[in-house]
Amino acid sequence: FLRPRARRPPGPPTEAFQCQPSCQVLAAALRTSRTGTIMLLRRPFAIATAAAVAAASGSVRTRVSATGMAGAGAPRVSRDASQTVTIAPAEGTPHTATVIGPIHGLGDTNMGWADAAMHIHSQLPHVKFVLPNAPVVPVTLNGGMAMPSWYDITSLDDRTVQPCAGIEESRATVTALIEAEVAAGLAHDRIVVGGFSQGGAVSLFTGLQYPHALGGVLCMSGYLAAQEKFELSPAAAATPVAHFHGSDDPTVRIEWARRSAEHLRAAGVKEYALKEYESLGHSASMEEIADVVAWLQT
């Protein structure tokens, strides 16, 4: 989806996630941010890095060459007033594609996926990553106590039939991020939306109702939330979807993932790939992250 493109001429896991040198760049940049201190809540998988600890005290179908960060320079990392983290290509490296995400899940923040985004960026240095933060709102499942959440979850029962209050507002937030990339000059097919768990659900709900076909939608350990509110847009039927899910996930059950895939295929999504990982719970493994990179390169 996200092959590097030449600059146009002017004119009209449960497994340890090993730190790359780029992660240290991220931590250093955010430690010096003027918008506030970094807080790491819960991470979707373990990231064993000294940089993260210091920071806490976190369809065009073409192939992409796996180019490393070496020689590309350090990525430009920033954080705005809304705490959205942006990892942009280094000075001198053309920005030719964007991933909105990985969007974090319930109770987490974007720092829970910042190292993973840096790891992926190290292999796709022309890609910008935009990691938003969910609002802190009361969650019924949490006894009404406030926590970062993209929409309300009422119980651990089948979530595909829950009303998911707040999901339309989250859809608007992600849509605005897509529109900002389009306004900056990117084609729709150079933009991917993706996330983990609740973030994956928001990605499906937003990306497949967007009025243009995107480069792809990535869902990790997620599901199609608020099915009664969902309506596939005609253009989005051509947006490829990659869904990665642990077979032993006790939080977002694999049956919900399978039903989501069936529902969206029946609704008209032309390409929906669901890959299951044996013995993987509600987390992401190094194998899965490698598969995400490979999918973005395909």
# chains A, B, ... in the order shown; residues from 1 in each chain; ligands from 1
>>> select_by_dssp(residues="stretch 140-284 of chain A", states="strand (DSSP E)", output="list in words")
Ala146, Met147, Pro148, Ile191, Val192, Val193, Gly194, Gly195, Phe196, Gly216, Val217, Leu218, Cys219, Met220, Val241, Ala242, His243, Phe244, His245, Gly246, Tyr272, Ala273, Leu274, Lys275, Glu276 and Tyr277 of chain A
>>> residues_around(residues="A:Gly105", least_positions_apart="6", cutoff="10 Å", atoms="only C-alpha atoms", output="list in words")
Arg42, Arg43, Pro44, Gly112, Trp113, Asn133, Ala134, Pro148, Ser149, Trp150, Gly195, Phe196, Ser197, Gln198, Gly199, Gly200, Ala201, Val202, Ser221 and Gly222 of chain A
>>> residues_around(residues="A:Ala261", least_positions_apart="4", cutoff="9 Å", atoms="only C-alpha atoms", output="compact mmCIF listing (two decimals) with all heavy atoms, in the first residue's frame")
# COMPACT_ATOMS: atom_id res chain seq x y z
N TYR A 223 -12.77 -5.47 16.51
CA TYR A 223 -14.05 -5.99 16.03
C TYR A 223 -14.84 -4.83 15.46
O TYR A 223 -14.49 -3.65 15.68
CB TYR A 223 -14.84 -6.65 17.17
CG TYR A 223 -15.14 -5.68 18.30
CD1 TYR A 223 -16.40 -5.09 18.43
CD2 TYR A 223 -14.17 -5.35 19.24
CE1 TYR A 223 -16.67 -4.19 19.46
CE2 TYR A 223 -14.43 -4.46 20.27
CZ TYR A 223 -15.68 -3.88 20.38
OH TYR A 223 -15.94 -2.98 21.39
N LEU A 224 -15.92 -5.11 14.75
CA LEU A 224 -16.80 -4.05 14.25
C LEU A 224 -17.76 -3.66 15.36
O LEU A 224 -18.66 -4.43 15.70
CB LEU A 224 -17.56 -4.51 13.01
CG LEU A 224 -18.55 -3.47 12.45
CD1 LEU A 224 -17.81 -2.21 12.00
CD2 LEU A 224 -19.36 -4.05 11.30
N HIS A 243 -6.96 -7.86 9.31
CA HIS A 243 -7.40 -8.06 10.70
C HIS A 243 -6.51 -9.15 11.30
O HIS A 243 -6.49 -10.28 10.83
CB HIS A 243 -8.86 -8.48 10.71
CG HIS A 243 -9.49 -8.48 12.06
ND1 HIS A 243 -10.86 -8.30 12.24
CD2 HIS A 243 -8.98 -8.64 13.30
CE1 HIS A 243 -11.13 -8.36 13.54
NE2 HIS A 243 -10.00 -8.57 14.20
N TRP A 256 -15.90 -12.96 17.82
CA TRP A 256 -16.36 -11.62 17.43
C TRP A 256 -15.60 -11.14 16.21
O TRP A 256 -16.17 -10.49 15.34
CB TRP A 256 -16.18 -10.64 18.59
CG TRP A 256 -16.87 -11.04 19.86
CD1 TRP A 256 -17.81 -12.03 20.03
CD2 TRP A 256 -16.68 -10.47 21.16
NE1 TRP A 256 -18.20 -12.11 21.34
CE2 TRP A 256 -17.52 -11.16 22.05
CE3 TRP A 256 -15.87 -9.45 21.64
CZ2 TRP A 256 -17.58 -10.86 23.41
CZ3 TRP A 256 -15.93 -9.13 23.00
CH2 TRP A 256 -16.78 -9.83 23.87
N ALA A 257 -14.32 -11.48 16.15
CA ALA A 257 -13.52 -11.11 14.98
C ALA A 257 -14.04 -11.83 13.73
O ALA A 257 -14.19 -11.22 12.66
CB ALA A 257 -12.06 -11.45 15.22
N ARG A 265 -17.76 -8.65 4.96
CA ARG A 265 -17.71 -9.26 3.63
C ARG A 265 -19.10 -9.29 3.01
O ARG A 265 -19.29 -8.98 1.83
CB ARG A 265 -17.13 -10.66 3.71
CG ARG A 265 -15.63 -10.71 4.00
CD ARG A 265 -15.19 -12.11 4.38
NE ARG A 265 -13.77 -12.19 4.72
CZ ARG A 265 -13.25 -13.09 5.55
NH1 ARG A 265 -14.05 -14.01 6.11
NH2 ARG A 265 -11.96 -13.08 5.82
N ALA A 266 -20.09 -9.66 3.82
CA ALA A 266 -21.47 -9.70 3.32
C ALA A 266 -21.97 -8.31 2.96
O ALA A 266 -22.77 -8.16 2.04
CB ALA A 266 -22.38 -10.33 4.37
N TYR A 272 -11.08 -8.60 2.74
CA TYR A 272 -11.01 -8.62 4.20
C TYR A 272 -10.23 -9.86 4.61
O TYR A 272 -10.73 -10.98 4.53
CB TYR A 272 -12.40 -8.64 4.82
CG TYR A 272 -12.44 -8.30 6.29
CD1 TYR A 272 -13.03 -7.13 6.73
CD2 TYR A 272 -11.87 -9.13 7.26
CE1 TYR A 272 -13.06 -6.80 8.09
CE2 TYR A 272 -11.89 -8.81 8.60
CZ TYR A 272 -12.49 -7.65 9.01
OH TYR A 272 -12.50 -7.33 10.35
N ALA A 273 -8.97 -9.67 5.04
CA ALA A 273 -8.12 -10.79 5.43
C ALA A 273 -8.05 -10.87 6.95
O ALA A 273 -7.64 -9.91 7.60
CB ALA A 273 -6.72 -10.61 4.85
N LEU A 274 -8.46 -12.00 7.51
CA LEU A 274 -8.39 -12.24 8.95
C LEU A 274 -7.34 -13.30 9.22
O LEU A 274 -7.47 -14.44 8.76
CB LEU A 274 -9.75 -12.69 9.49
CG LEU A 274 -9.79 -13.15 10.95
CD1 LEU A 274 -9.36 -12.04 11.90
CD2 LEU A 274 -11.18 -13.68 11.31
>>> closest_residue(among="A:Ser233, A:Thr251, A:Thr96, A:Gln297", to="A:Gly268", atoms="only C-alpha atoms")
A:Ser233
>>> select_by_dssp(residues="stretch 59-140 of chain A", states="alpha helix (DSSP H)", output="list in words")
Ala114, Asp115, Ala116, Ala117, Met118, His119, Ile120, His121, Ser122 and Gln123 of chain A
>>> write_last_selection(atoms="all heavy atoms", output="PDB file, in the first residue's frame")
ATOM      1  N   ALA A 114       3.664   3.987  20.870  1.00  0.00           N
ATOM      2  CA  ALA A 114       4.659   4.858  20.249  1.00  0.00           C
ATOM      3  C   ALA A 114       5.903   4.097  19.818  1.00  0.00           C
ATOM      4  O   ALA A 114       6.442   4.312  18.728  1.00  0.00           O
ATOM      5  CB  ALA A 114       5.026   5.995  21.200  1.00  0.00           C
ATOM      6  N   ASP A 115       6.391   3.188  20.676  1.00  0.00           N
ATOM      7  CA  ASP A 115       7.577   2.420  20.309  1.00  0.00           C
ATOM      8  C   ASP A 115       7.302   1.522  19.108  1.00  0.00           C
ATOM      9  O   ASP A 115       8.164   1.349  18.238  1.00  0.00           O
ATOM     10  CB  ASP A 115       8.057   1.572  21.491  1.00  0.00           C
ATOM     11  CG  ASP A 115       8.820   2.390  22.521  1.00  0.00           C
ATOM     12  OD1 ASP A 115       9.128   3.552  22.234  1.00  0.00           O
ATOM     13  OD2 ASP A 115       9.107   1.860  23.598  1.00  0.00           O
ATOM     14  N   ALA A 116       6.128   0.924  19.061  1.00  0.00           N
ATOM     15  CA  ALA A 116       5.791   0.078  17.912  1.00  0.00           C
ATOM     16  C   ALA A 116       5.751   0.905  16.631  1.00  0.00           C
ATOM     17  O   ALA A 116       6.217   0.472  15.575  1.00  0.00           O
ATOM     18  CB  ALA A 116       4.449  -0.610  18.149  1.00  0.00           C
ATOM     19  N   ALA A 117       5.175   2.115  16.728  1.00  0.00           N
ATOM     20  CA  ALA A 117       5.137   2.987  15.556  1.00  0.00           C
ATOM     21  C   ALA A 117       6.542   3.354  15.105  1.00  0.00           C
ATOM     22  O   ALA A 117       6.839   3.384  13.902  1.00  0.00           O
ATOM     23  CB  ALA A 117       4.336   4.244  15.866  1.00  0.00           C
ATOM     24  N   MET A 118       7.441   3.620  16.068  1.00  0.00           N
ATOM     25  CA  MET A 118       8.821   3.939  15.720  1.00  0.00           C
ATOM     26  C   MET A 118       9.510   2.738  15.063  1.00  0.00           C
ATOM     27  O   MET A 118      10.291   2.888  14.126  1.00  0.00           O
ATOM     28  CB  MET A 118       9.586   4.375  16.964  1.00  0.00           C
ATOM     29  CG  MET A 118       9.206   5.750  17.464  1.00  0.00           C
ATOM     30  SD  MET A 118       9.679   7.079  16.328  1.00  0.00           S
ATOM     31  CE  MET A 118      11.427   7.203  16.670  1.00  0.00           C
ATOM     32  N   HIS A 119       9.211   1.542  15.565  1.00  0.00           N
ATOM     33  CA  HIS A 119       9.790   0.333  14.983  1.00  0.00           C
ATOM     34  C   HIS A 119       9.335   0.169  13.530  1.00  0.00           C
ATOM     35  O   HIS A 119      10.147  -0.124  12.642  1.00  0.00           O
ATOM     36  CB  HIS A 119       9.368  -0.875  15.812  1.00  0.00           C
ATOM     37  CG  HIS A 119       9.741  -2.187  15.197  1.00  0.00           C
ATOM     38  ND1 HIS A 119      11.026  -2.672  15.175  1.00  0.00           N
ATOM     39  CD2 HIS A 119       8.975  -3.117  14.557  1.00  0.00           C
ATOM     40  CE1 HIS A 119      11.052  -3.839  14.565  1.00  0.00           C
ATOM     41  NE2 HIS A 119       9.820  -4.139  14.182  1.00  0.00           N
ATOM     42  N   ILE A 120       8.053   0.356  13.282  1.00  0.00           N
ATOM     43  CA  ILE A 120       7.541   0.227  11.921  1.00  0.00           C
ATOM     44  C   ILE A 120       8.108   1.337  11.038  1.00  0.00           C
ATOM     45  O   ILE A 120       8.494   1.113   9.890  1.00  0.00           O
ATOM     46  CB  ILE A 120       6.000   0.233  11.922  1.00  0.00           C
ATOM     47  CG1 ILE A 120       5.462  -0.949  12.740  1.00  0.00           C
ATOM     48  CG2 ILE A 120       5.467   0.173  10.491  1.00  0.00           C
ATOM     49  CD1 ILE A 120       3.968  -0.890  12.984  1.00  0.00           C
ATOM     50  N   HIS A 121       8.160   2.544  11.593  1.00  0.00           N
ATOM     51  CA  HIS A 121       8.703   3.671  10.829  1.00  0.00           C
ATOM     52  C   HIS A 121      10.162   3.437  10.439  1.00  0.00           C
ATOM     53  O   HIS A 121      10.615   3.865   9.370  1.00  0.00           O
ATOM     54  CB  HIS A 121       8.586   4.960  11.646  1.00  0.00           C
ATOM     55  CG  HIS A 121       9.220   6.150  10.987  1.00  0.00           C
ATOM     56  ND1 HIS A 121       8.606   6.854   9.974  1.00  0.00           N
ATOM     57  CD2 HIS A 121      10.418   6.735  11.177  1.00  0.00           C
ATOM     58  CE1 HIS A 121       9.400   7.831   9.578  1.00  0.00           C
ATOM     59  NE2 HIS A 121      10.513   7.782  10.289  1.00  0.00           N
ATOM     60  N   SER A 122      10.906   2.733  11.289  1.00  0.00           N
ATOM     61  CA  SER A 122      12.311   2.465  10.978  1.00  0.00           C
ATOM     62  C   SER A 122      12.450   1.636   9.711  1.00  0.00           C
ATOM     63  O   SER A 122      13.487   1.669   9.047  1.00  0.00           O
ATOM     64  CB  SER A 122      12.990   1.747  12.152  1.00  0.00           C
ATOM     65  OG  SER A 122      12.558   0.400  12.259  1.00  0.00           O
ATOM     66  N   GLN A 123      11.404   0.899   9.366  1.00  0.00           N
ATOM     67  CA  GLN A 123      11.417   0.085   8.151  1.00  0.00           C
ATOM     68  C   GLN A 123      10.699   0.756   6.989  1.00  0.00           C
ATOM     69  O   GLN A 123      10.839   0.334   5.839  1.00  0.00           O
ATOM     70  CB  GLN A 123      10.796  -1.284   8.450  1.00  0.00           C
ATOM     71  CG  GLN A 123      11.572  -2.038   9.534  1.00  0.00           C
ATOM     72  CD  GLN A 123      10.906  -3.352   9.880  1.00  0.00           C
ATOM     73  OE1 GLN A 123      10.836  -4.253   9.053  1.00  0.00           O
ATOM     74  NE2 GLN A 123      10.427  -3.469  11.108  1.00  0.00           N
TER      75      GLN A 123
END
>>> atom_distance(atom1="atom CA of A:Arg79", atom2="atom CA of A:Pro94")
20.5 Å
>>> residues_around(residues="A:Cys164", least_positions_apart="6", cutoff="6 Å", atoms="only C-alpha atoms", output="short mmCIF file (atom, residue, chain, number, x, y, z; two decimals) with N, CA and C atoms, in the first residue's frame")
data_model
loop_
_atom_site.label_atom_id
_atom_site.label_comp_id
_atom_site.auth_asym_id
_atom_site.auth_seq_id
_atom_site.Cartn_x
_atom_site.Cartn_y
_atom_site.Cartn_z
N TYR A 151 -15.07 5.03 23.20
CA TYR A 151 -16.53 4.93 23.30
C TYR A 151 -16.85 4.09 24.53
N ASP A 152 -18.11 4.12 24.96
CA ASP A 152 -18.50 3.41 26.16
C ASP A 152 -18.61 1.90 25.88
N ALA A 226 -20.70 -1.22 17.20
CA ALA A 226 -21.91 -0.48 16.84
C ALA A 226 -22.41 -0.86 15.45
#
>>> closest_atom_pairs(of="stretch 194-284 of chain A", to="stretch 176-181 of chain A", cutoff="12 Å", atoms="only C-alpha atoms", output="JSON lines")
{"residue": "A:Gly194", "atom": "CA", "partner": "A:Ile178", "partner_atom": "CA", "distance": 11.7}
{"residue": "A:Ser203", "atom": "CA", "partner": "A:Ile178", "partner_atom": "CA", "distance": 11.3}
{"residue": "A:Thr206", "atom": "CA", "partner": "A:Ile178", "partner_atom": "CA", "distance": 10.0}
{"residue": "A:Gly207", "atom": "CA", "partner": "A:Ile178", "partner_atom": "CA", "distance": 9.3}
{"residue": "A:Tyr210", "atom": "CA", "partner": "A:Ile178", "partner_atom": "CA", "distance": 9.4}
{"residue": "A:Pro211", "atom": "CA", "partner": "A:Glu179", "partner_atom": "CA", "distance": 11.2}
{"residue": "A:His212", "atom": "CA", "partner": "A:Ile178", "partner_atom": "CA", "distance": 10.7}
{"residue": "A:Ala213", "atom": "CA", "partner": "A:Ile178", "partner_atom": "CA", "distance": 11.7}
{"residue": "A:Leu214", "atom": "CA", "partner": "A:Ile178", "partner_atom": "CA", "distance": 9.5}
{"residue": "A:Gly215", "atom": "CA", "partner": "A:Ile178", "partner_atom": "CA", "distance": 11.4}
>>> atom_distance(atom1="atom CA of A:Ser155", atom2="atom CA of A:Gly107")
14.9 Å
>>> closest_residue(among="A:Val136, A:Ala81, A:Ile167, A:Leu208", to="A:Ala236", atoms="only C-alpha atoms")
A:Leu208
>>> atom_distance(atom1="atom CA of A:Ala88", atom2="atom CA of A:Ala290")
20.6 Å
>>> residues_around(residues="A:Asn142", least_positions_apart="2", cutoff="10 Å", atoms="only C-alpha atoms", output="ChimeraX atom specification")
/A:107,138-140,144-147,152-155
